[in-house]
Structures are given as C-alpha cells and as structure tokens.
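*Asks:* Below you will find the structure I want to go over with you.
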Amino acid sequence: MSDIQTILFDLDGTLLPLDQDVFIQAYFELLAKTLSPRYPADRLMPAMRKGVEAMFYNDGKATNEAVFWKTFCAVYGEDVTKDLTAFDAFYQKEFQALKAVCGYQPKAAETVGRLKEAGFRVALATNPVFPSAATEARIRWAGLEPSDFAYVTTYENASFAKPHPAYYRRVAAVLNCPPEHCLMVGNDVVDDMEAERVGMKVFLLTDNLLNREGKDITHYPQGSYDALLSYLEML
C-alpha cells in the first residue's frame with residue numbers, strides 16, 4: 001500500500017496550462033494599463049520584476065507579501081501604500097481577463113477529484129508570489145475551487161518561494177504531514193522537482209514541461225495525468 005498521504009499540485013503549467021512568459025507579460029501590461037498614468041508600464045514592469053525577485057530570495061523573516069511591497073515601495077516611495085485598494089480591485093476585476101491567455105485541461109480537475117475520492121489529501125503548492133485573490137482566480141480557471149484543497153500557498157501566508165527547500169518543509173509542516181508522505185506534482189523541473197531534496201516523492205507532469213536549465217529528467221516518474229494515476233496505483 002502507498003505511504004503517500006498528501007498530494008501537492010503546482011498550478012501554473014500544471015493544473016492550469018499556460019505559457020509562463022506570455023502570461024507574466026500580459027499580467028504586467030494589464031496592470032499598468034489599469035493603473036495608468038500613476039503606474040506606466042516602463043516603470044511598473046521593472047518594479048514588479050524586482051518585487052517578484054525579492055520574494056524568490058526571501059529568507060523567511062517576513063511574508064512574501066511584506067517583502068514584495070517593501071521592494072516595490074523602494075522604487076515608487078511609501079505613497080504607494082495609498083493605492084493598495086486599487087491593486088486589490090485590479091485582482092478582483094481586470095485580472096480576470098487574463099483567463100484568455102491560459103489554456104484549460106479538463107483532466108486536471110478530474111484527477112484532483114479522483115484522488116480525493118481515493119482518500120488522498122490534496123493541497124495546492126503553487127509558487128506563492130501572487131495575492132490570494134489572483135491565486136483563487138487561477139484555481140477557478142482550472143475548473144476547481146479553492147475549497148478543493150486542504151491548503152493553498154499565497155504570498156500572504158508564505159515566507160519562502162520555490163525552489164527553496166524551506167518552502168516545501170513549511171508546506172509539509174502546515175499540513176502536519178511528514179515530507180516522505182507527500183508527493184509533489186508539477187511541470188517545472190527546477191521549481192517542483194526540488195521537493196525531492198526534502199524527502200518528498202515527485203512526479204513530473206510533462207504536458208507543459210518546463211526545463212529551463214536542460215536538466216536530465218530521466219530518473220523522475222513522469223508523464224500525463226493518466227500516467228500520474230497509474231503511478232499512484234503502483235506505489
């Protein structure tokens with residue numbers, strides 16, 4: 001019998017098919033258009049990229065949310081805090097249009113449902129560099145609901161980002177599940193397969209494979225959603 005109790009899913013490129021570069025470019029441009037002229041694209045996009053980079057290098061002493069806004073304010077000044085409601089409104093409204101640049105894989109929601117029915121606990125281990133509103137929107141674009149997951153990482157509740165091993169340790173701790181009883185499913189060789197370093201099992205979803213560093217992936221269990229279900233049956 002499998003010793004896997006909890007299955008962690010990545011979101012972007014895994015449950016929700018998308019081209020990451022296309023999505024991020026469209027996201028930043030839409031945000032700049034919505035908040036112009038206060039935040040024109042030529043200044044906003046570099047500031048956003050700096051904020052995201054700061055979250056990737058977060059040392060765990062503050063939430064990713066705090067690290068992002070500290071970095072962003074270093075570019076625009078502390079007055080930006082007066083506009084936080086405008087940013088929040090963007091994620092509630094205009095951000096929804098970005099669904100058009102994402103794909104849809106019905107097997108994603110189907111697989112999550114089948115795994116839950118089989119008794120697995122399912123969590124969403126998406127890179128926590130988005131607010132909860134943006135994360136919940138993308139979950140719904142994938143044909144799922146936030147309530148389908150025992151835990152969802154966002155920039156409000158995380159203090160590390162992928163591929164930092166501490167990110168995976170923290171997720172396991174919150175779920176009260178030892179890493180060796182977790183399976184991480186994702187399409188990104190660098191970000192998602194890093195979970196193996198903390199003792200988690202991994203499965204590389206190859207439908208939208210992302211291997212920026214050209215790493216050897218032959219040793220990873222891998223394949224489609226059907227292959228994932230078959231893999232779990234064999235454990």
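Lettering and numbering for the structure tokens are positional, with chains as A, B, ... in the shown order, residues counted from 1 in each chain, and ligands counted from 1 in the shown order.
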If you run DSSP over the backbone, which residues in region 35-140 of chain A end up helix (DSSP H, G or I)? Put them as a ChimeraX atom specification.

*Replies:* /A:35,41-56,64-76,78-92,94-101,106-117,132-140

*Asks:* Contacts of Gly103 (chain A) at 12 Å or less, counting only C-alpha atoms, minus same-chain residues fewer than 6 places along, as an mmCIF file with all heavy atoms, in the first residue's frame?

*Replies:*
```cif
data_model
loop_
_atom_site.group_PDB
_atom_site.id
_atom_site.type_symbol
_atom_site.label_atom_id
_atom_site.label_comp_id
_atom_site.auth_asym_id
_atom_site.auth_seq_id
_atom_site.Cartn_x
_atom_site.Cartn_y
_atom_site.Cartn_z
ATOM 1 N N ASP A 12 0.356 26.854 -12.087
ATOM 2 C CA ASP A 12 0.668 27.386 -13.415
ATOM 3 C C ASP A 12 1.509 26.397 -14.220
ATOM 4 O O ASP A 12 2.623 26.043 -13.833
ATOM 5 C CB ASP A 12 1.415 28.719 -13.296
ATOM 6 C CG ASP A 12 0.568 29.779 -12.615
ATOM 7 O OD1 ASP A 12 -0.665 29.701 -12.706
ATOM 8 O OD2 ASP A 12 1.147 30.677 -11.976
ATOM 9 N N GLY A 13 0.952 25.956 -15.341
ATOM 10 C CA GLY A 13 1.638 24.990 -16.181
ATOM 11 C C GLY A 13 1.318 23.556 -15.811
ATOM 12 O O GLY A 13 1.649 22.632 -16.556
ATOM 13 N N THR A 14 0.679 23.364 -14.664
ATOM 14 C CA THR A 14 0.316 22.015 -14.212
ATOM 15 C C THR A 14 -1.197 21.864 -14.247
ATOM 16 O O THR A 14 -1.740 21.344 -15.215
ATOM 17 C CB THR A 14 0.888 21.749 -12.800
ATOM 18 O OG1 THR A 14 2.320 21.874 -12.842
ATOM 19 C CG2 THR A 14 0.548 20.342 -12.328
ATOM 20 N N LEU A 15 -1.885 22.325 -13.222
ATOM 21 C CA LEU A 15 -3.351 22.280 -13.260
ATOM 22 C C LEU A 15 -3.911 23.261 -14.280
ATOM 23 O O LEU A 15 -4.967 23.022 -14.874
ATOM 24 C CB LEU A 15 -3.919 22.593 -11.873
ATOM 25 C CG LEU A 15 -3.618 21.578 -10.770
ATOM 26 C CD1 LEU A 15 -4.160 22.074 -9.434
ATOM 27 C CD2 LEU A 15 -4.188 20.213 -11.108
ATOM 28 N N LEU A 16 -3.202 24.370 -14.456
ATOM 29 C CA LEU A 16 -3.637 25.408 -15.404
ATOM 30 C C LEU A 16 -2.593 25.550 -16.507
ATOM 31 O O LEU A 16 -1.525 26.134 -16.283
ATOM 32 C CB LEU A 16 -3.808 26.748 -14.680
ATOM 33 C CG LEU A 16 -4.280 27.920 -15.532
ATOM 34 C CD1 LEU A 16 -5.703 27.689 -16.040
ATOM 35 C CD2 LEU A 16 -4.213 29.227 -14.738
ATOM 36 N N PRO A 17 -2.864 25.030 -17.701
ATOM 37 C CA PRO A 17 -1.891 25.139 -18.790
ATOM 38 C C PRO A 17 -1.690 26.592 -19.210
ATOM 39 O O PRO A 17 -2.664 27.315 -19.429
ATOM 40 C CB PRO A 17 -2.538 24.333 -19.932
ATOM 41 C CG PRO A 17 -3.604 23.510 -19.285
ATOM 42 C CD PRO A 17 -4.074 24.299 -18.102
ATOM 43 N N LEU A 18 -0.446 27.011 -19.278
ATOM 44 C CA LEU A 18 -0.150 28.358 -19.761
ATOM 45 C C LEU A 18 1.316 28.461 -20.129
ATOM 46 O O LEU A 18 2.144 27.666 -19.686
ATOM 47 C CB LEU A 18 -0.526 29.422 -18.728
ATOM 48 C CG LEU A 18 0.063 29.362 -17.305
ATOM 49 C CD1 LEU A 18 1.510 29.851 -17.253
ATOM 50 C CD2 LEU A 18 -0.775 30.205 -16.347
ATOM 51 N N ASP A 19 1.613 29.448 -20.946
ATOM 52 C CA ASP A 19 2.992 29.815 -21.246
ATOM 53 C C ASP A 19 3.365 30.887 -20.227
ATOM 54 O O ASP A 19 2.807 31.984 -20.228
ATOM 55 C CB ASP A 19 3.104 30.364 -22.674
ATOM 56 C CG ASP A 19 4.536 30.729 -23.053
ATOM 57 O OD1 ASP A 19 5.186 31.485 -22.291
ATOM 58 O OD2 ASP A 19 4.991 30.291 -24.123
ATOM 59 N N GLN A 20 4.285 30.576 -19.341
ATOM 60 C CA GLN A 20 4.593 31.464 -18.224
ATOM 61 C C GLN A 20 5.036 32.841 -18.678
ATOM 62 O O GLN A 20 4.596 33.859 -18.120
ATOM 63 C CB GLN A 20 5.686 30.827 -17.362
ATOM 64 C CG GLN A 20 6.019 31.614 -16.104
ATOM 65 C CD GLN A 20 6.940 30.827 -15.182
ATOM 66 O OE1 GLN A 20 6.628 29.716 -14.778
ATOM 67 N NE2 GLN A 20 8.075 31.393 -14.872
ATOM 68 N N VAL A 22 4.388 34.415 -21.536
ATOM 69 C CA VAL A 22 3.258 35.132 -22.145
ATOM 70 C C VAL A 22 2.319 35.639 -21.062
ATOM 71 O O VAL A 22 1.863 36.794 -21.105
ATOM 72 C CB VAL A 22 2.499 34.212 -23.129
ATOM 73 C CG1 VAL A 22 1.189 34.866 -23.575
ATOM 74 C CG2 VAL A 22 3.369 33.894 -24.334
ATOM 75 N N PHE A 23 2.057 34.797 -20.074
ATOM 76 C CA PHE A 23 1.144 35.178 -19.010
ATOM 77 C C PHE A 23 1.675 36.355 -18.197
ATOM 78 O O PHE A 23 0.954 37.324 -17.937
ATOM 79 C CB PHE A 23 0.878 33.986 -18.085
ATOM 80 C CG PHE A 23 -0.049 34.311 -16.942
ATOM 81 C CD1 PHE A 23 -1.417 34.362 -17.139
ATOM 82 C CD2 PHE A 23 0.450 34.596 -15.685
ATOM 83 C CE1 PHE A 23 -2.284 34.680 -16.090
ATOM 84 C CE2 PHE A 23 -0.398 34.914 -14.628
ATOM 85 C CZ PHE A 23 -1.767 34.955 -14.840
ATOM 86 N N ARG A 138 -7.099 31.882 -10.557
ATOM 87 C CA ARG A 138 -6.444 30.902 -11.422
ATOM 88 C C ARG A 138 -6.882 29.480 -11.089
ATOM 89 O O ARG A 138 -6.954 28.623 -11.971
ATOM 90 C CB ARG A 138 -4.922 31.063 -11.349
ATOM 91 C CG ARG A 138 -4.517 32.385 -11.934
ATOM 92 C CD ARG A 138 -3.065 32.757 -11.963
ATOM 93 N NE ARG A 138 -2.107 31.925 -11.343
ATOM 94 C CZ ARG A 138 -1.669 32.061 -10.071
ATOM 95 N NH1 ARG A 138 -2.189 33.008 -9.283
ATOM 96 N NH2 ARG A 138 -0.740 31.285 -9.585
ATOM 97 N N TRP A 141 -10.062 29.110 -12.960
ATOM 98 C CA TRP A 141 -9.828 28.956 -14.390
ATOM 99 C C TRP A 141 -9.469 27.511 -14.730
ATOM 100 O O TRP A 141 -9.694 27.052 -15.852
ATOM 101 C CB TRP A 141 -8.704 29.881 -14.861
ATOM 102 C CG TRP A 141 -8.966 31.336 -14.637
ATOM 103 C CD1 TRP A 141 -10.153 31.936 -14.315
ATOM 104 C CD2 TRP A 141 -8.006 32.395 -14.700
ATOM 105 N NE1 TRP A 141 -9.989 33.292 -14.183
ATOM 106 C CE2 TRP A 141 -8.682 33.610 -14.409
ATOM 107 C CE3 TRP A 141 -6.639 32.443 -14.968
ATOM 108 C CZ2 TRP A 141 -8.028 34.846 -14.385
ATOM 109 C CZ3 TRP A 141 -5.981 33.674 -14.946
ATOM 110 C CH2 TRP A 141 -6.678 34.861 -14.662
ATOM 111 N N ALA A 142 -8.900 26.811 -13.760
ATOM 112 C CA ALA A 142 -8.525 25.409 -13.972
ATOM 113 C C ALA A 142 -9.701 24.462 -13.755
ATOM 114 O O ALA A 142 -9.545 23.240 -13.875
ATOM 115 C CB ALA A 142 -7.376 25.029 -13.040
ATOM 116 N N GLY A 143 -10.875 25.020 -13.437
ATOM 117 C CA GLY A 143 -12.058 24.203 -13.236
ATOM 118 C C GLY A 143 -12.200 23.671 -11.828
ATOM 119 O O GLY A 143 -12.956 22.722 -11.583
ATOM 120 N N ASP A 207 2.957 17.466 -19.716
ATOM 121 C CA ASP A 207 2.077 18.096 -20.697
ATOM 122 C C ASP A 207 2.566 19.489 -21.090
ATOM 123 O O ASP A 207 2.447 19.896 -22.245
ATOM 124 C CB ASP A 207 0.650 18.202 -20.146
ATOM 125 C CG ASP A 207 -0.024 16.847 -20.020
ATOM 126 O OD1 ASP A 207 0.631 15.836 -20.331
ATOM 127 O OD2 ASP A 207 -1.196 16.791 -19.613
ATOM 128 N N ASN A 208 3.072 20.237 -20.109
ATOM 129 C CA ASN A 208 3.609 21.580 -20.367
ATOM 130 C C ASN A 208 4.988 21.680 -19.704
ATOM 131 O O ASN A 208 5.253 22.583 -18.921
ATOM 132 C CB ASN A 208 2.680 22.648 -19.794
ATOM 133 C CG ASN A 208 1.320 22.649 -20.455
ATOM 134 O OD1 ASN A 208 1.156 23.158 -21.559
ATOM 135 N ND2 ASN A 208 0.336 22.066 -19.783
#
```

*Asks:* Applying 8 Å and only C-alpha atoms, which residues near Tyr220 (chain A) remain after dropping the ones on its own chain fewer than 3 positions away? List them as a JSON list (two decimals) with C-alpha atoms, in the first residue's frame.

*Replies:*
```json
[["chain", "number", "residue", "atom", "x", "y", "z"],
["A", 202, "VAL", "CA", 7.85, 13.78, -7.02],
["A", 203, "PHE", "CA", 6.03, 13.32, -10.30],
["A", 204, "LEU", "CA", 6.94, 15.42, -13.34],
["A", 217, "ILE", "CA", 14.89, 14.23, -16.17]]
```

*Asks:* Residues at most 12 Å from Asp88 (chain A), counting only C-alpha atoms, excluding those fewer than 6 positions away in the same chain, as a VMD selection string?

*Replies:* chain A and resid 31 34 to 35 81 to 82 94 to 95 130 to 134

*Asks:* Which residues of region 5-117 of chain A come within 8 Å of region 182-190 of chain A, and for each one, what is the closest pair of atoms and their distance in Å to one decimal, counting only C-alpha atoms, sorted by chain and residue number, as JSON lines?

*Replies:*
```
{"residue": "A:Gln5", "atom": "CA", "partner": "A:Cys182", "partner_atom": "CA", "distance": 6.1}
{"residue": "A:Thr6", "atom": "CA", "partner": "A:Cys182", "partner_atom": "CA", "distance": 4.9}
{"residue": "A:Ile7", "atom": "CA", "partner": "A:Leu183", "partner_atom": "CA", "distance": 4.8}
{"residue": "A:Leu8", "atom": "CA", "partner": "A:Met184", "partner_atom": "CA", "distance": 4.7}
{"residue": "A:Phe9", "atom": "CA", "partner": "A:Val185", "partner_atom": "CA", "distance": 4.9}
{"residue": "A:Asp10", "atom": "CA", "partner": "A:Gly186", "partner_atom": "CA", "distance": 5.0}
{"residue": "A:Leu11", "atom": "CA", "partner": "A:Gly186", "partner_atom": "CA", "distance": 7.8}
{"residue": "A:Gly13", "atom": "CA", "partner": "A:Asn187", "partner_atom": "CA", "distance": 6.1}
{"residue": "A:Thr14", "atom": "CA", "partner": "A:Asn187", "partner_atom": "CA", "distance": 5.6}
```

*Asks:* Between CA of Phe149 (chain A) and CA of Thr126 (chain A), what is the distance, to one decimal in Å?

*Replies:*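 For CA of Phe149 (chain A) relative to CA of Thr126 (chain A), the distance reads 11.7 Å.
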
*Asks:* Using DSSP secondary structure from the backbone, list all strand (DSSP E) positions within region 6-74 of chain A, as a ChimeraX atom specification.

*Replies:* /A:6-9

*Asks:* Please identify all polymer residues within 9 Å of Ala166 (chain A), counting only C-alpha atoms, omitting same-chain residues fewer than 6 positions from it, and present them as a VMD selection string.

*Replies:* chain A and resid 60 159 to 160 198

*Asks:* Would you export the selected residues with N, CA, C and O atoms as a compact mmCIF listing (two decimals), in the first residue's frame, please?

*Replies:*
```txt
# COMPACT_ATOMS: atom_id res chain seq x y z
N GLY A 60 12.77 34.19 4.83
CA GLY A 60 11.84 33.65 5.81
C GLY A 60 11.55 34.55 6.99
O GLY A 60 10.76 34.19 7.86
N SER A 159 6.60 32.54 3.45
CA SER A 159 7.80 33.35 3.69
C SER A 159 8.99 32.84 2.89
O SER A 159 10.12 33.31 3.08
N PHE A 160 8.74 31.90 2.02
CA PHE A 160 9.74 31.39 1.09
C PHE A 160 9.06 31.18 -0.25
O PHE A 160 7.83 31.24 -0.35
N VAL A 198 13.84 17.47 0.07
CA VAL A 198 13.39 17.46 1.47
C VAL A 198 12.73 16.13 1.83
O VAL A 198 12.17 15.99 2.92
```

*Asks:* From the list A:Cys177, A:Met48, A:Leu144, A:Ala137, which residue is nearest Gly113 (chain A) when using only C-alpha atoms?

*Replies:* A:Leu144

*Asks:* Given only C-alpha atoms as the basis, pick out the residue of A:Met200, A:His164, A:Ala195, A:Asp21 nearest to Pro179 (chain A).

*Replies:* A:Met200

*Asks:* Just give me the gap between CA of Ile4 (chain A) and CA of Leu205 (chain A) in Å, one decimal is fine.

*Replies:*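 Separation of CA of Ile4 (chain A) and CA of Leu205 (chain A): 17.5 Å.
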
*Asks:* Set the distance at 9 Å and use only C-alpha atoms: which residues neighbour Ala47 (chain A) once local chain neighbours fewer than 4 positions away are removed? I'd like the list as a PyMOL selection string.

*Replies:* chain A and resi 43+51-52+71-76

*Asks:* Store the residues picked out above in a file with all heavy atoms, as a PDB file, in the first residue's frame.

*Replies:*
```
ATOM      1  N   ARG A  43       7.851  51.951 -15.969  1.00  0.00           N
ATOM      2  CA  ARG A  43       8.334  51.934 -14.588  1.00  0.00           C
ATOM      3  C   ARG A  43       7.743  50.769 -13.798  1.00  0.00           C
ATOM      4  O   ARG A  43       8.418  50.169 -12.957  1.00  0.00           O
ATOM      5  CB  ARG A  43       7.975  53.240 -13.875  1.00  0.00           C
ATOM      6  CG  ARG A  43       8.784  54.456 -14.310  1.00  0.00           C
ATOM      7  CD  ARG A  43       8.570  55.602 -13.340  1.00  0.00           C
ATOM      8  NE  ARG A  43       9.111  55.317 -12.008  1.00  0.00           N
ATOM      9  CZ  ARG A  43       8.738  55.969 -10.902  1.00  0.00           C
ATOM     10  NH1 ARG A  43       7.818  56.911 -10.962  1.00  0.00           N
ATOM     11  NH2 ARG A  43       9.283  55.675  -9.739  1.00  0.00           N
ATOM     12  N   GLY A  51      10.176  43.210  -7.323  1.00  0.00           N
ATOM     13  CA  GLY A  51       9.401  42.708  -6.191  1.00  0.00           C
ATOM     14  C   GLY A  51       9.281  41.193  -6.205  1.00  0.00           C
ATOM     15  O   GLY A  51       9.426  40.537  -5.167  1.00  0.00           O
ATOM     16  N   VAL A  52       9.049  40.645  -7.388  1.00  0.00           N
ATOM     17  CA  VAL A  52       8.947  39.188  -7.516  1.00  0.00           C
ATOM     18  C   VAL A  52      10.289  38.536  -7.213  1.00  0.00           C
ATOM     19  O   VAL A  52      10.363  37.520  -6.505  1.00  0.00           O
ATOM     20  CB  VAL A  52       8.453  38.805  -8.926  1.00  0.00           C
ATOM     21  CG1 VAL A  52       8.551  37.298  -9.134  1.00  0.00           C
ATOM     22  CG2 VAL A  52       7.021  39.275  -9.131  1.00  0.00           C
ATOM     23  N   THR A  71       9.991  46.129  -1.410  1.00  0.00           N
ATOM     24  CA  THR A  71      10.803  46.329  -2.615  1.00  0.00           C
ATOM     25  C   THR A  71      10.112  47.281  -3.584  1.00  0.00           C
ATOM     26  O   THR A  71      10.746  48.164  -4.178  1.00  0.00           O
ATOM     27  CB  THR A  71      11.068  44.976  -3.303  1.00  0.00           C
ATOM     28  OG1 THR A  71      11.662  44.083  -2.357  1.00  0.00           O
ATOM     29  CG2 THR A  71      11.987  45.136  -4.492  1.00  0.00           C
ATOM     30  N   PHE A  72       8.813  47.103  -3.753  1.00  0.00           N
ATOM     31  CA  PHE A  72       8.054  47.946  -4.673  1.00  0.00           C
ATOM     32  C   PHE A  72       8.067  49.395  -4.201  1.00  0.00           C
ATOM     33  O   PHE A  72       8.244  50.327  -5.005  1.00  0.00           O
ATOM     34  CB  PHE A  72       6.618  47.431  -4.761  1.00  0.00           C
ATOM     35  CG  PHE A  72       5.827  48.010  -5.895  1.00  0.00           C
ATOM     36  CD1 PHE A  72       5.891  47.459  -7.163  1.00  0.00           C
ATOM     37  CD2 PHE A  72       4.979  49.093  -5.688  1.00  0.00           C
ATOM     38  CE1 PHE A  72       5.145  47.996  -8.204  1.00  0.00           C
ATOM     39  CE2 PHE A  72       4.230  49.626  -6.720  1.00  0.00           C
ATOM     40  CZ  PHE A  72       4.306  49.081  -7.989  1.00  0.00           C
ATOM     41  N   CYS A  73       7.912  49.600  -2.895  1.00  0.00           N
ATOM     42  CA  CYS A  73       7.917  50.960  -2.343  1.00  0.00           C
ATOM     43  C   CYS A  73       9.288  51.613  -2.458  1.00  0.00           C
ATOM     44  O   CYS A  73       9.390  52.851  -2.503  1.00  0.00           O
ATOM     45  CB  CYS A  73       7.467  50.943  -0.885  1.00  0.00           C
ATOM     46  SG  CYS A  73       5.703  50.638  -0.656  1.00  0.00           S
ATOM     47  N   ALA A  74      10.338  50.806  -2.512  1.00  0.00           N
ATOM     48  CA  ALA A  74      11.677  51.360  -2.680  1.00  0.00           C
ATOM     49  C   ALA A  74      11.825  52.032  -4.046  1.00  0.00           C
ATOM     50  O   ALA A  74      12.652  52.923  -4.227  1.00  0.00           O
ATOM     51  CB  ALA A  74      12.722  50.256  -2.523  1.00  0.00           C
ATOM     52  N   VAL A  75      10.992  51.609  -5.003  1.00  0.00           N
ATOM     53  CA  VAL A  75      11.014  52.205  -6.341  1.00  0.00           C
ATOM     54  C   VAL A  75      10.089  53.415  -6.407  1.00  0.00           C
ATOM     55  O   VAL A  75      10.463  54.482  -6.884  1.00  0.00           O
ATOM     56  CB  VAL A  75      10.594  51.164  -7.400  1.00  0.00           C
ATOM     57  CG1 VAL A  75      10.518  51.819  -8.786  1.00  0.00           C
ATOM     58  CG2 VAL A  75      11.561  49.995  -7.414  1.00  0.00           C
ATOM     59  N   TYR A  76       8.857  53.273  -5.880  1.00  0.00           N
ATOM     60  CA  TYR A  76       7.840  54.304  -6.030  1.00  0.00           C
ATOM     61  C   TYR A  76       7.679  55.220  -4.821  1.00  0.00           C
ATOM     62  O   TYR A  76       7.022  56.249  -4.901  1.00  0.00           O
ATOM     63  CB  TYR A  76       6.492  53.645  -6.342  1.00  0.00           C
ATOM     64  CG  TYR A  76       6.296  53.329  -7.803  1.00  0.00           C
ATOM     65  CD1 TYR A  76       6.508  52.044  -8.279  1.00  0.00           C
ATOM     66  CD2 TYR A  76       5.896  54.306  -8.708  1.00  0.00           C
ATOM     67  CE1 TYR A  76       6.318  51.735  -9.623  1.00  0.00           C
ATOM     68  CE2 TYR A  76       5.705  54.015 -10.047  1.00  0.00           C
ATOM     69  CZ  TYR A  76       5.923  52.729 -10.496  1.00  0.00           C
ATOM     70  OH  TYR A  76       5.731  52.440 -11.818  1.00  0.00           O
TER      71      TYR A  76
END
```

*Asks:* Counting only C-alpha atoms, which residue out of A:Thr111, A:Glu53, A:Thr63, A:Lys99 sits closest to Ser230 (chain A)?

*Replies:*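 Result for the nearest residue to Ser230 (chain A): A:Thr111.
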
*Asks:* For Leu209 (chain A), which residue among A:Phe28, A:Pro37, A:Asp226, A:Asp191 is the nearest when counting only C-alpha atoms?

*Replies:*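 Selected residue with least distance to Leu209 (chain A): A:Asp191.
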